[in-house]
$ cat start_15.cif   # mmCIF, C-alpha atoms
data_input
loop_
_atom_site.label_atom_id
_atom_site.label_comp_id
_atom_site.auth_asym_id
_atom_site.auth_seq_id
_atom_site.Cartn_x
_atom_site.Cartn_y
_atom_site.Cartn_z
CA MET A 1 100.94 -117.17 -71.06
CA ASN A 2 97.83 -116.23 -73.02
CA GLY A 3 95.19 -114.02 -71.45
CA LYS A 4 91.77 -115.63 -71.11
CA THR A 5 88.39 -114.13 -70.50
CA PHE A 6 86.68 -114.98 -67.25
CA THR A 7 83.43 -116.91 -67.34
CA ASP A 8 80.39 -116.26 -65.18
CA ALA A 9 81.22 -116.29 -61.44
CA ALA A 10 78.41 -118.70 -60.65
CA SER A 11 79.93 -121.42 -62.85
CA ASN A 12 83.62 -120.70 -62.50
CA PRO A 13 85.59 -119.29 -59.54
CA PRO A 14 87.98 -116.43 -60.24
CA LEU A 15 91.39 -117.30 -61.67
CA SER A 16 90.34 -120.90 -62.37
CA ASP A 17 92.40 -120.83 -65.59
CA ARG A 18 95.57 -119.71 -63.80
CA SER A 19 98.09 -121.16 -61.38
CA VAL A 20 97.70 -119.25 -58.12
CA ALA A 21 99.51 -118.97 -54.80
CA VAL A 22 97.80 -117.36 -51.80
CA ILE A 23 100.22 -116.47 -49.02
CA HIS A 24 100.02 -115.15 -45.47
CA GLU A 25 102.47 -114.26 -42.70
CA TRP A 26 102.54 -116.57 -39.68
CA PHE A 27 99.32 -118.45 -38.91
CA GLY A 28 98.53 -118.22 -35.22
CA ALA A 29 95.45 -118.69 -33.08
CA THR A 30 92.83 -117.73 -35.60
CA GLY A 31 92.33 -113.98 -35.54
CA GLY A 32 91.24 -111.32 -38.00
CA SER A 33 94.07 -111.55 -40.51
CA GLU A 34 93.91 -115.35 -40.57
CA GLN A 35 90.18 -115.21 -41.25
CA VAL A 36 90.74 -112.86 -44.18
CA PHE A 37 93.48 -115.08 -45.60
CA LEU A 38 91.25 -118.14 -45.47
CA ALA A 39 88.32 -116.23 -46.96
CA ILE A 40 90.46 -115.13 -49.91
CA ALA A 41 91.88 -118.63 -50.33
CA ASP A 42 88.39 -120.14 -50.31
CA LEU A 43 87.49 -117.91 -53.27
CA VAL A 44 90.31 -119.53 -55.24
CA PRO A 45 89.97 -123.18 -54.16
CA HIS A 46 92.68 -124.51 -56.49
CA ALA A 47 95.33 -122.12 -55.16
CA GLU A 48 98.29 -123.31 -53.11
CA ARG A 49 98.40 -121.83 -49.61
CA PHE A 50 101.69 -120.74 -48.05
CA VAL A 51 102.54 -119.38 -44.59
CA LEU A 52 105.85 -118.66 -42.89
CA TRP A 53 104.84 -121.02 -40.11
CA LYS A 54 101.76 -122.05 -38.19
CA ASP A 55 101.41 -122.50 -34.47
CA ARG A 56 101.14 -126.02 -33.16
CA GLY A 57 97.63 -127.39 -33.47
CA VAL A 58 96.43 -124.32 -35.41
CA GLY A 59 95.44 -124.27 -39.06
CA ASP A 60 95.12 -128.04 -39.35
CA GLY A 61 92.80 -128.97 -42.17
CA HIS A 62 93.46 -125.80 -44.16
CA HIS A 63 96.19 -127.35 -46.35
CA LEU A 64 98.87 -124.83 -45.40
CA THR A 65 102.45 -125.21 -46.65
CA GLU A 66 105.00 -123.78 -44.21
CA SER A 67 108.26 -122.11 -45.22
CA TRP A 68 111.73 -123.30 -44.28
CA MET A 69 111.64 -120.75 -41.44
CA SER A 70 109.16 -123.00 -39.64
CA ARG A 71 111.99 -125.48 -39.03
CA THR A 72 114.18 -122.91 -37.28
CA PRO A 73 114.08 -121.23 -33.84
CA LEU A 74 113.05 -118.00 -35.59
CA ARG A 75 109.44 -119.15 -35.53
CA HIS A 76 109.46 -118.47 -31.79
CA SER A 77 110.50 -114.79 -32.08
CA LYS A 78 108.72 -112.52 -34.54
CA ALA A 79 111.12 -109.66 -33.75
CA LEU A 80 114.18 -111.75 -34.65
CA ALA A 81 112.43 -113.29 -37.65
CA LEU A 82 111.33 -109.96 -39.12
CA PRO A 83 114.63 -109.06 -40.88
CA VAL A 84 114.76 -112.55 -42.44
CA MET A 85 111.19 -112.51 -43.76
CA PRO A 86 111.90 -110.78 -47.09
CA LEU A 87 114.50 -113.43 -47.94
CA THR A 88 112.10 -116.17 -46.91
CA TRP A 89 109.37 -114.88 -49.22
CA ARG A 90 111.84 -114.90 -52.13
CA THR A 91 112.92 -118.49 -51.42
CA LEU A 92 109.53 -119.93 -50.55
CA THR A 93 109.28 -122.41 -53.42
CA ARG A 94 110.82 -123.11 -56.81
CA ARG A 95 107.41 -123.14 -58.43
CA ARG A 96 106.26 -120.15 -60.43
CA TYR A 97 102.69 -118.91 -60.56
CA ASP A 98 100.52 -116.85 -62.86
CA VAL A 99 98.99 -114.98 -59.94
CA VAL A 100 100.23 -114.41 -56.37
CA VAL A 101 97.79 -113.02 -53.81
CA SER A 102 99.30 -112.03 -50.47
CA SER A 103 97.61 -111.36 -47.15
CA SER A 104 100.15 -109.08 -45.57
CA HIS A 105 100.77 -107.35 -42.25
CA ALA A 106 104.58 -107.60 -42.38
CA PHE A 107 106.53 -108.53 -45.52
CA ALA A 108 104.28 -111.00 -47.35
CA HIS A 109 103.59 -108.42 -50.04
CA THR A 110 107.27 -108.61 -51.06
CA ALA A 111 106.97 -112.27 -52.11
CA LYS A 112 108.06 -112.91 -55.68
CA LEU A 113 107.12 -116.30 -57.09
CA GLY A 114 107.59 -115.56 -60.76
CA THR A 115 108.74 -112.79 -63.03
CA ALA A 116 107.30 -109.29 -63.05
CA GLU A 117 106.33 -109.82 -66.68
CA GLY A 118 104.74 -113.26 -66.30
CA THR A 119 103.07 -113.02 -62.90
CA ARG A 120 100.39 -110.74 -61.49
CA TYR A 121 100.93 -109.70 -57.87
CA LEU A 122 97.99 -108.61 -55.73
CA SER A 123 98.28 -107.81 -52.04
CA TYR A 124 95.57 -107.46 -49.41
CA VAL A 125 97.14 -105.35 -46.66
CA HIS A 126 96.04 -105.51 -43.03
CA SER A 127 98.65 -102.84 -42.31
CA PRO A 128 102.17 -101.95 -43.41
CA ALA A 129 104.30 -103.66 -40.77
CA ARG A 130 103.42 -101.81 -37.58
CA TYR A 131 106.69 -102.92 -35.95
CA VAL A 132 108.56 -101.14 -38.75
CA TRP A 133 106.41 -98.20 -39.81
CA SER A 134 104.16 -97.36 -36.84
CA PRO A 135 105.93 -98.11 -33.54
CA ASP A 136 103.95 -95.22 -32.04
CA LEU A 137 100.77 -97.30 -32.52
CA ASP A 138 102.24 -100.52 -31.16
CA ALA A 139 104.83 -100.40 -28.39
CA ARG A 140 106.03 -103.89 -29.34
CA GLY A 141 107.82 -102.26 -32.26
CA SER A 142 109.72 -99.76 -30.13
CA GLY A 143 112.04 -102.23 -28.45
CA GLY A 144 115.79 -102.16 -28.71
CA LEU A 145 116.04 -105.09 -31.11
CA LEU A 146 114.28 -103.30 -33.96
CA THR A 147 115.28 -99.68 -33.44
CA PRO A 148 118.71 -99.84 -35.17
CA ALA A 149 117.33 -101.85 -38.09
CA ARG A 150 114.13 -99.87 -38.69
CA ALA A 151 115.47 -97.53 -41.39
CA ALA A 152 116.96 -100.44 -43.33
CA LEU A 153 113.77 -102.47 -43.02
CA ARG A 154 111.71 -99.55 -44.31
CA ALA A 155 113.94 -99.15 -47.35
CA CYS A 156 113.85 -102.90 -47.94
CA ASP A 157 110.07 -102.96 -47.63
CA ARG A 158 109.60 -100.28 -50.29
CA TRP A 159 112.25 -101.63 -52.66
CA LEU A 160 111.17 -105.27 -52.59
CA SER A 161 107.50 -104.49 -53.18
CA ARG A 162 107.86 -102.54 -56.42
CA HIS A 163 106.52 -105.49 -58.43
CA VAL A 164 103.09 -105.49 -56.74
CA HIS A 165 100.48 -104.61 -59.36
CA SER A 166 97.53 -103.88 -57.08
CA TYR A 167 96.90 -103.30 -53.39
CA ALA A 168 93.70 -103.66 -51.40
CA ALA A 169 93.53 -102.21 -47.89
CA ASN A 170 91.34 -103.45 -45.06
CA SER A 171 90.28 -99.88 -44.16
CA ARG A 172 90.63 -96.25 -45.13
CA GLU A 173 93.10 -95.96 -42.28
CA VAL A 174 95.39 -98.56 -43.85
CA ARG A 175 94.94 -97.09 -47.34
CA SER A 176 96.26 -93.79 -46.00
CA ARG A 177 99.33 -95.56 -44.57
CA ILE A 178 99.98 -97.34 -47.86
CA ARG A 179 99.96 -93.96 -49.59
CA ARG A 180 102.16 -92.36 -46.93
CA TYR A 181 104.73 -95.14 -46.50
CA TRP A 182 104.86 -96.81 -49.91
CA ASP A 183 103.58 -94.05 -52.19
CA ARG A 184 101.05 -96.47 -53.66
CA ASP A 185 97.27 -96.40 -53.91
CA ALA A 186 94.83 -99.12 -52.81
CA ARG A 187 91.16 -99.94 -52.98
CA VAL A 188 89.41 -100.45 -49.63
CA ILE A 189 87.86 -103.86 -48.97
CA ASN A 190 86.77 -104.22 -45.35
CA PRO A 191 87.32 -107.68 -43.77
CA PRO A 192 84.45 -110.18 -43.50
CA VAL A 193 82.66 -110.56 -40.18
CA ASP A 194 80.33 -113.47 -39.44
CA VAL A 195 77.45 -111.15 -38.60
CA ASP A 196 74.77 -113.80 -39.23
CA TYR A 197 76.21 -116.04 -36.53
CA PHE A 198 76.43 -113.32 -33.91
CA ARG A 199 73.01 -111.94 -34.76
CA ALA A 200 71.25 -115.32 -34.63
CA ALA A 201 71.76 -116.11 -30.95
CA PRO A 202 69.21 -118.26 -29.07
CA ALA A 203 66.33 -116.39 -27.47
CA GLN A 204 67.62 -116.89 -23.92
CA VAL A 205 70.96 -115.37 -24.92
CA ARG A 206 69.32 -112.35 -26.54
CA ALA A 207 67.17 -111.80 -23.43
CA GLN A 208 70.06 -111.11 -21.05
CA ASP A 209 70.01 -108.07 -18.77
CA ARG A 210 73.08 -106.28 -20.20
CA ASP A 211 74.45 -105.47 -16.78
CA TYR A 212 78.23 -105.34 -17.40
CA LEU A 213 80.84 -103.68 -19.60
CA LEU A 214 82.86 -105.83 -21.98
CA GLY A 215 86.40 -105.77 -23.36
CA VAL A 216 87.44 -108.28 -26.01
CA GLY A 217 90.77 -108.94 -27.71
CA ARG A 218 94.38 -109.83 -27.19
CA TRP A 219 95.66 -108.66 -23.83
CA VAL A 220 98.54 -106.46 -24.97
CA GLY A 221 99.43 -102.93 -23.94
CA TYR A 222 98.26 -100.88 -26.89
CA LYS A 223 94.71 -102.28 -26.69
CA ARG A 224 94.32 -100.49 -23.32
CA PHE A 225 92.58 -103.11 -21.22
CA ASP A 226 94.07 -101.34 -18.22
CA LEU A 227 92.05 -98.26 -19.15
CA MET A 228 88.91 -100.40 -19.39
CA VAL A 229 89.37 -101.43 -15.76
CA GLU A 230 89.62 -97.77 -14.75
CA ILE A 231 86.52 -96.85 -16.79
CA ALA A 232 84.46 -99.66 -15.24
CA ALA A 233 85.55 -98.67 -11.75
CA GLN A 234 84.55 -95.06 -12.27
CA ALA A 235 81.26 -96.08 -13.90
CA GLY A 236 80.51 -98.45 -11.03
CA LEU A 237 79.75 -101.33 -13.39
CA PRO A 238 81.15 -104.89 -13.52
CA LEU A 239 83.65 -105.60 -16.28
CA VAL A 240 84.27 -108.77 -18.29
CA LEU A 241 87.57 -109.13 -20.15
CA ALA A 242 87.56 -111.81 -22.84
CA GLY A 243 90.71 -112.95 -24.61
CA SER A 244 94.28 -113.85 -23.68
CA GLY A 245 97.73 -112.40 -23.89
CA PRO A 246 100.95 -111.40 -22.14
CA ALA A 247 99.35 -108.62 -20.07
CA GLU A 248 97.13 -111.06 -18.19
CA VAL A 249 99.16 -111.10 -14.97
CA ALA A 250 99.30 -107.30 -14.76
CA LEU A 251 95.60 -107.01 -15.54
CA ARG A 252 94.67 -109.50 -12.84
CA ARG A 253 96.71 -107.55 -10.31
CA GLN A 254 94.95 -104.35 -11.33
CA ALA A 255 91.56 -106.10 -11.20
CA GLU A 256 92.15 -107.23 -7.62
CA LYS A 257 92.34 -103.57 -6.55
CA ALA A 258 89.36 -102.40 -8.62
CA ARG A 259 86.20 -101.22 -6.87
CA VAL A 260 84.02 -103.33 -9.18
CA PRO A 261 84.04 -107.05 -10.10
CA VAL A 262 86.34 -107.85 -13.02
CA THR A 263 85.84 -111.27 -14.60
CA PHE A 264 88.36 -112.87 -16.95
CA GLU A 265 87.13 -115.11 -19.77
CA VAL A 266 90.29 -116.75 -21.12
CA ARG A 267 90.10 -117.85 -24.76
CA PRO A 268 86.30 -118.04 -24.91
CA SER A 269 84.74 -120.13 -27.64
CA LYS A 270 82.89 -118.39 -30.44
CA GLU A 271 79.62 -119.44 -28.85
CA ARG A 272 80.64 -118.09 -25.46
CA LEU A 273 81.82 -114.85 -27.03
CA ARG A 274 78.42 -114.40 -28.64
CA GLU A 275 76.80 -114.82 -25.22
CA LEU A 276 79.13 -112.20 -23.76
CA TYR A 277 78.33 -109.68 -26.50
CA TRP A 278 74.59 -110.09 -26.01
CA GLY A 279 74.88 -109.65 -22.24
CA ALA A 280 77.02 -106.50 -22.35
CA ARG A 281 75.78 -102.96 -21.92
CA CYS A 282 78.49 -101.88 -24.33
CA LEU A 283 81.82 -102.91 -25.79
CA LEU A 284 84.71 -100.78 -24.58
CA TYR A 285 87.29 -100.23 -27.31
CA PRO A 286 89.67 -97.39 -26.35
CA ALA A 287 92.41 -98.49 -28.78
CA HIS A 288 93.59 -97.39 -32.21
CA GLU A 289 93.01 -100.32 -34.56
CA ASP A 290 93.58 -100.65 -38.29
CA PHE A 291 90.05 -101.99 -38.75
CA GLY A 292 88.76 -104.12 -35.88
CA MET A 293 86.34 -107.00 -36.38
CA ILE A 294 85.37 -107.12 -32.71
CA PRO A 295 83.31 -103.89 -32.77
CA VAL A 296 81.37 -105.23 -35.77
CA GLU A 297 80.68 -108.53 -33.98
CA ALA A 298 79.40 -106.58 -30.99
CA GLN A 299 77.10 -104.45 -33.11
CA ALA A 300 75.70 -107.58 -34.78
CA CYS A 301 74.57 -108.48 -31.25
CA ARG A 302 72.92 -105.05 -30.83
CA THR A 303 75.71 -104.02 -28.49
CA PRO A 304 76.91 -100.42 -28.85
CA VAL A 305 80.58 -99.48 -28.89
CA VAL A 306 82.31 -96.83 -26.80
CA GLY A 307 85.80 -96.32 -28.13
CA GLN A 308 88.53 -94.14 -29.53
CA ALA A 309 87.71 -91.80 -32.42
CA SER A 310 90.52 -93.02 -34.67
CA GLY A 311 91.48 -95.79 -37.05
CA GLY A 312 89.00 -98.41 -38.07
CA LEU A 313 86.34 -97.37 -35.57
CA LEU A 314 85.66 -94.33 -37.73
CA GLU A 315 84.45 -96.78 -40.40
CA THR A 316 82.66 -99.36 -38.27
CA VAL A 317 80.88 -97.21 -35.67
CA VAL A 318 78.45 -94.39 -36.42
CA GLU A 319 78.86 -91.64 -33.84
CA ALA A 320 75.78 -91.11 -31.63
CA SER A 321 73.94 -93.81 -33.59
CA THR A 322 75.69 -97.11 -32.96
CA GLY A 323 78.08 -95.93 -30.26
CA TYR A 324 80.21 -93.05 -29.06
CA LEU A 325 83.73 -92.21 -30.24
CA LEU A 326 86.01 -90.11 -28.06
CA HIS A 327 89.16 -88.08 -28.73
CA THR A 328 90.65 -88.83 -25.33
CA THR A 329 91.87 -91.58 -23.06
CA ALA A 330 90.58 -89.87 -19.92
CA THR A 331 88.07 -92.02 -18.05
CA SER A 332 85.34 -89.45 -17.35
CA PRO A 333 84.25 -88.94 -20.97
CA TYR A 334 83.88 -92.71 -21.34
CA VAL A 335 81.72 -92.83 -18.22
CA ASP A 336 79.58 -89.98 -19.59
CA ALA A 337 79.19 -91.83 -22.90
CA ILE A 338 78.09 -94.99 -21.09
CA ALA A 339 75.36 -92.95 -19.37
CA ARG A 340 74.07 -91.87 -22.82
CA LEU A 341 73.75 -95.42 -24.21
CA PRO A 342 69.94 -95.63 -23.71
CA ARG A 343 69.56 -92.99 -26.42
CA LEU A 344 70.80 -95.40 -29.11
CA SER A 345 68.61 -97.64 -31.27
CA SER A 346 69.47 -101.35 -31.03
CA THR A 347 68.01 -101.84 -34.51
CA ASP A 348 70.35 -99.25 -36.01
CA ILE A 349 73.28 -100.79 -34.18
CA GLN A 350 72.61 -104.23 -35.65
CA ARG A 351 71.91 -102.88 -39.13
CA GLN A 352 75.32 -101.22 -39.20
CA ALA A 353 77.04 -104.60 -38.79
CA GLU A 354 75.42 -105.96 -41.95
CA ARG A 355 77.67 -103.71 -44.06
CA PHE A 356 80.58 -106.02 -43.20
CA SER A 357 79.09 -109.43 -44.00
CA PRO A 358 81.13 -112.21 -45.64
CA GLN A 359 79.05 -111.91 -48.81
CA VAL A 360 79.93 -108.24 -49.18
CA PHE A 361 83.60 -109.16 -48.72
CA ARG A 362 83.45 -112.01 -51.23
CA ASP A 363 81.81 -109.83 -53.85
CA ARG A 364 84.41 -107.10 -53.47
CA VAL A 365 87.41 -109.43 -53.43
CA GLU A 366 86.16 -111.33 -56.45
CA ALA A 367 85.67 -108.08 -58.35
CA TRP A 368 89.23 -107.07 -57.39
CA LEU A 369 90.71 -110.39 -58.51
CA ARG A 370 88.90 -110.36 -61.82
CA ALA A 371 89.78 -106.73 -62.52
CA GLU A 372 93.42 -106.73 -61.43
CA ALA A 373 94.66 -110.26 -62.19
CA GLY A 374 94.09 -109.60 -65.88
CA ALA A 375 96.06 -110.94 -68.79
CA VAL A 376 99.82 -110.86 -68.54
CA ALA A 377 102.27 -110.97 -71.38
#
$ encode --input "start_15.cif" --output "structure tokens"
Amino acid sequence: MNGKTFTDAASNPPLSDRSVAVIHEWFGATGGSEQVFLAIADLVPHAERFVLWKDRGVGDGHHLTESWMSRTPLRHSKALALPVMPLTWRTLTRRRYDVVVSSSHAFAHTAKLGTAEGTRYLSYVHSPARYVWSPDLDARGSGGLLTPARAALRACDRWLSRHVHSYAANSREVRSRIRRYWDRDARVINPPVDVDYFRAAPAQVRAQDRDYLLGVGRWVGYKRFDLMVEIAAQAGLPLVLAGSGPAEVALRRQAEKARVPVTFEVRPSKERLRELYWGARCLLYPAHEDFGMIPVEAQACRTPVVGQASGGLLETVVEASTGYLLHTTATSPYVDAIARLPRLSSTDIQRQAERFSPQVFRDRVEAWLRAEAGAVA
């Protein structure tokens, strides 16, 4: 196809003169990676949108085309589906596209919907598949089903992604993994966070007493909600846990024995979550995350973060200014940090969140698309 110059962004969206596919892994209860996928797709409104499968009742209205895997039992087991994903991405559709943009945290970046010569491949990476490359960061990847296949999956991941022309990483942490695992470079484009919504809470919400600690996210082991319960107990402060997940039963058992009240908010609405942020003394986040939108949402509500000094928190939280970052999972240092929270400026905390607004994300993604999806032969 012939290369064409792009017109002004205000009058013409990026890639409007090209056929485009935007693809994502599975589409579940809308979380961070799903939000990024939709934000990218919205920048290219004429693009076709593909996912491996979507959960029942989720993603309706977003015009998502599911793969053939969605009609098989594999959709119910990510571990069993993982080895089949590369094949699925290569047999997604018979159509061929000028540009393919993937939103990848497993094997979406290996999709090939055209020739290497006639198609530009861009991939926004939430993380190289943690199940495959980083089982030390996520215990779900250390199970017996994946262990024998991990070496083969790693080789497959590198080999089948050679055609990707450009990578973007959601954080410096993920960029370093892309370099280490795939020997490729990437530009960093942090995910969009709806900071305006969380900042603009009603007056009565903003006037809360901030008398409890807060943990938000999916209740799985590596996010360390169990440690949050221990921290709250030692600090002598109530704890609210907002989210859902397979660790709920174990957490409730632990909460029953805690010396402080532990309240569970199961699947809170966005509005309710905003109320919880504004009422919290701080957000506890003692987990290693690739980026982490939740700490940014909290800071938009003038809520400081006390978390682990690793991963995405090193980019989203400013030490001793918008929170405290610790190189330990011992409870006492977290309790000490909570005692130092009055030293922080709520204005500085909220200002930090503005660096991750949707407009900043859109500007950076659009610049990436226009620069890297250039003319092909």
$ resolve_selection --input "start_15.cif" --expression "the PyMOL selection byres ((chain A and resi 269-280) around 8)" --output "PDB file with C-alpha atoms, in the frame of the given file"
ATOM      1  CA  PHE A 198      76.430-113.320 -33.910  1.00  0.00           C
ATOM      2  CA  ALA A 201      71.760-116.110 -30.950  1.00  0.00           C
ATOM      3  CA  VAL A 205      70.960-115.370 -24.920  1.00  0.00           C
ATOM      4  CA  ARG A 206      69.320-112.350 -26.540  1.00  0.00           C
ATOM      5  CA  GLN A 208      70.060-111.110 -21.050  1.00  0.00           C
ATOM      6  CA  ASP A 209      70.010-108.070 -18.770  1.00  0.00           C
ATOM      7  CA  ARG A 210      73.080-106.280 -20.200  1.00  0.00           C
ATOM      8  CA  ASP A 211      74.450-105.470 -16.780  1.00  0.00           C
ATOM      9  CA  TYR A 212      78.230-105.340 -17.400  1.00  0.00           C
ATOM     10  CA  LEU A 213      80.840-103.680 -19.600  1.00  0.00           C
ATOM     11  CA  LEU A 214      82.860-105.830 -21.980  1.00  0.00           C
ATOM     12  CA  ALA A 242      87.560-111.810 -22.840  1.00  0.00           C
ATOM     13  CA  ARG A 267      90.100-117.850 -24.760  1.00  0.00           C
ATOM     14  CA  PRO A 268      86.300-118.040 -24.910  1.00  0.00           C
ATOM     15  CA  ARG A 281      75.780-102.960 -21.920  1.00  0.00           C
ATOM     16  CA  CYS A 282      78.490-101.880 -24.330  1.00  0.00           C
ATOM     17  CA  LEU A 283      81.820-102.910 -25.790  1.00  0.00           C
ATOM     18  CA  GLU A 297      80.680-108.530 -33.980  1.00  0.00           C
ATOM     19  CA  ALA A 298      79.400-106.580 -30.990  1.00  0.00           C
ATOM     20  CA  CYS A 301      74.570-108.480 -31.250  1.00  0.00           C
ATOM     21  CA  ARG A 302      72.920-105.050 -30.830  1.00  0.00           C
ATOM     22  CA  THR A 303      75.710-104.020 -28.490  1.00  0.00           C
TER      23      THR A 303
END
$ closest_residue --input "start_15.cif" --among "A:Pro128, A:Ser357, A:Ser134, A:Arg94" --to "Arg179 in chain A" --atoms "only C-alpha atoms"
A:Pro128
$ atom_distance --input "start_15.cif" --atom1 "CA of Leu326 in chain A" --atom2 "CA of Pro295 in chain A"
14.8 Å
$ resolve_selection --input "start_15.cif" --expression "the PyMOL selection byres ((chain A and resi 316) around 9)" --output "number ranges by chain"
A: 291-293, 295-296, 312-315, 317-318, 352-353, 355-356
$ closest_residue --input "start_15.cif" --among "A:Asp60, A:Glu248, A:Asp17, A:Glu34" --to "His46 in chain A" --atoms "all atoms listed in the file"
A:Asp17
$ resolve_selection --input "start_15.cif" --expression "the PyMOL selection byres ((chain A and resi 216) around 6)" --output "ChimeraX atom specification"
/A:215,217,241-243
$ atom_distance --input "start_15.cif" --atom1 "CA of Leu227 in chain A" --atom2 "CA of Ala330 in chain A"
8.6 Å
$ residues_near_point --input "start_15.cif" --point "(95.1, -114.4, -56.7)" --cutoff "10 Å" --atoms "only C-alpha atoms" --output "PyMOL selection string"
chain A and resi 14-16+18-23+40-41+43-44+47+97-102+120-123+365-366+368-370+372-373
$ atom_distance --input "start_15.cif" --atom1 "CA of Ile338 in chain A" --atom2 "CA of Pro304 in chain A"
9.5 Å
$ residues_around --input "start_15.cif" --residues "Lys78 in chain A" --least-positions-apart "3" --cutoff "12 Å" --atoms "only C-alpha atoms" --output "PyMOL selection string"
chain A and resi 25-28+52-53+69-70+73-75+81-85+106-107+129+131+140-141+145-146
$ residues_around --input "start_15.cif" --residues "Gln35 in chain A" --least-positions-apart "2" --cutoff "12 Å" --atoms "only C-alpha atoms" --output "compact mmCIF listing (two decimals) with C-alpha atoms, keeping the file's coordinate frame"
# COMPACT_ATOMS: atom_id res chain seq x y z
CA HIS A 24 100.02 -115.15 -45.47
CA PHE A 27 99.32 -118.45 -38.91
CA GLY A 28 98.53 -118.22 -35.22
CA ALA A 29 95.45 -118.69 -33.08
CA THR A 30 92.83 -117.73 -35.60
CA GLY A 31 92.33 -113.98 -35.54
CA GLY A 32 91.24 -111.32 -38.00
CA SER A 33 94.07 -111.55 -40.51
CA PHE A 37 93.48 -115.08 -45.60
CA LEU A 38 91.25 -118.14 -45.47
CA ALA A 39 88.32 -116.23 -46.96
CA ILE A 40 90.46 -115.13 -49.91
CA ALA A 41 91.88 -118.63 -50.33
CA ASP A 42 88.39 -120.14 -50.31
CA GLY A 59 95.44 -124.27 -39.06
CA HIS A 62 93.46 -125.80 -44.16
CA SER A 103 97.61 -111.36 -47.15
CA HIS A 126 96.04 -105.51 -43.03
CA PRO A 191 87.32 -107.68 -43.77
CA PRO A 192 84.45 -110.18 -43.50
CA VAL A 193 82.66 -110.56 -40.18
CA ASP A 194 80.33 -113.47 -39.44
CA MET A 293 86.34 -107.00 -36.38
CA PRO A 358 81.13 -112.21 -45.64
CA PHE A 361 83.60 -109.16 -48.72
$ closest_residue --input "start_15.cif" --among "A:His105, A:Pro342, A:Asp290, A:Val132" --to "Ala149 in chain A" --atoms "all atoms listed in the file"
A:Val132
$ residues_around --input "start_15.cif" --residues "Gln254 in chain A" --least-positions-apart "6" --cutoff "12 Å" --atoms "all atoms listed in the file" --output "list in words"
Phe225, Asp226, Leu227, Met228, Val229, Glu230, Ala233, Ala247, Glu248, Val260, Pro261, Val262 and Thr263 of chain A
$ write_last_selection --input "start_15.cif" --atoms "C-alpha atoms" --output "short mmCIF file (atom, residue, chain, number, x, y, z; two decimals), in the coordinates of the input"
data_model
loop_
_atom_site.label_atom_id
_atom_site.label_comp_id
_atom_site.auth_asym_id
_atom_site.auth_seq_id
_atom_site.Cartn_x
_atom_site.Cartn_y
_atom_site.Cartn_z
CA PHE A 225 92.58 -103.11 -21.22
CA ASP A 226 94.07 -101.34 -18.22
CA LEU A 227 92.05 -98.26 -19.15
CA MET A 228 88.91 -100.40 -19.39
CA VAL A 229 89.37 -101.43 -15.76
CA GLU A 230 89.62 -97.77 -14.75
CA ALA A 233 85.55 -98.67 -11.75
CA ALA A 247 99.35 -108.62 -20.07
CA GLU A 248 97.13 -111.06 -18.19
CA VAL A 260 84.02 -103.33 -9.18
CA PRO A 261 84.04 -107.05 -10.10
CA VAL A 262 86.34 -107.85 -13.02
CA THR A 263 85.84 -111.27 -14.60
#
$ residues_around --input "start_15.cif" --residues "Ala320 in chain A" --least-positions-apart "3" --cutoff "12 Å" --atoms "all atoms listed in the file" --output "PDB file with C-alpha atoms, in the coordinates of the input"
ATOM      1  CA  PRO A 304      76.910-100.420 -28.850  1.00  0.00           C
ATOM      2  CA  VAL A 305      80.580 -99.480 -28.890  1.00  0.00           C
ATOM      3  CA  VAL A 306      82.310 -96.830 -26.800  1.00  0.00           C
ATOM      4  CA  GLY A 307      85.800 -96.320 -28.130  1.00  0.00           C
ATOM      5  CA  ALA A 309      87.710 -91.800 -32.420  1.00  0.00           C
ATOM      6  CA  VAL A 317      80.880 -97.210 -35.670  1.00  0.00           C
ATOM      7  CA  GLY A 323      78.080 -95.930 -30.260  1.00  0.00           C
ATOM      8  CA  TYR A 324      80.210 -93.050 -29.060  1.00  0.00           C
ATOM      9  CA  LEU A 325      83.730 -92.210 -30.240  1.00  0.00           C
ATOM     10  CA  LEU A 326      86.010 -90.110 -28.060  1.00  0.00           C
ATOM     11  CA  ALA A 337      79.190 -91.830 -22.900  1.00  0.00           C
ATOM     12  CA  ILE A 338      78.090 -94.990 -21.090  1.00  0.00           C
ATOM     13  CA  ARG A 340      74.070 -91.870 -22.820  1.00  0.00           C
ATOM     14  CA  LEU A 341      73.750 -95.420 -24.210  1.00  0.00           C
ATOM     15  CA  PRO A 342      69.940 -95.630 -23.710  1.00  0.00           C
ATOM     16  CA  ARG A 343      69.560 -92.990 -26.420  1.00  0.00           C
ATOM     17  CA  LEU A 344      70.800 -95.400 -29.110  1.00  0.00           C
ATOM     18  CA  SER A 345      68.610 -97.640 -31.270  1.00  0.00           C
ATOM     19  CA  ASP A 348      70.350 -99.250 -36.010  1.00  0.00           C
ATOM     20  CA  ILE A 349      73.280-100.790 -34.180  1.00  0.00           C
TER      21      ILE A 349
END
$ closest_residue --input "start_15.cif" --among "A:Ser127, A:Thr115, A:Gln350, A:Ser310" --to "Val195 in chain A" --atoms "all atoms listed in the file"
A:Gln350
$ residues_near_point --input "start_15.cif" --point "(97.9, -93.9, -33.9)" --cutoff "12 Å" --atoms "all atoms listed in the file" --output "PyMOL selection string"
chain A and resi 130+133-139+173-174+177+222-223+286-290+308-312+327
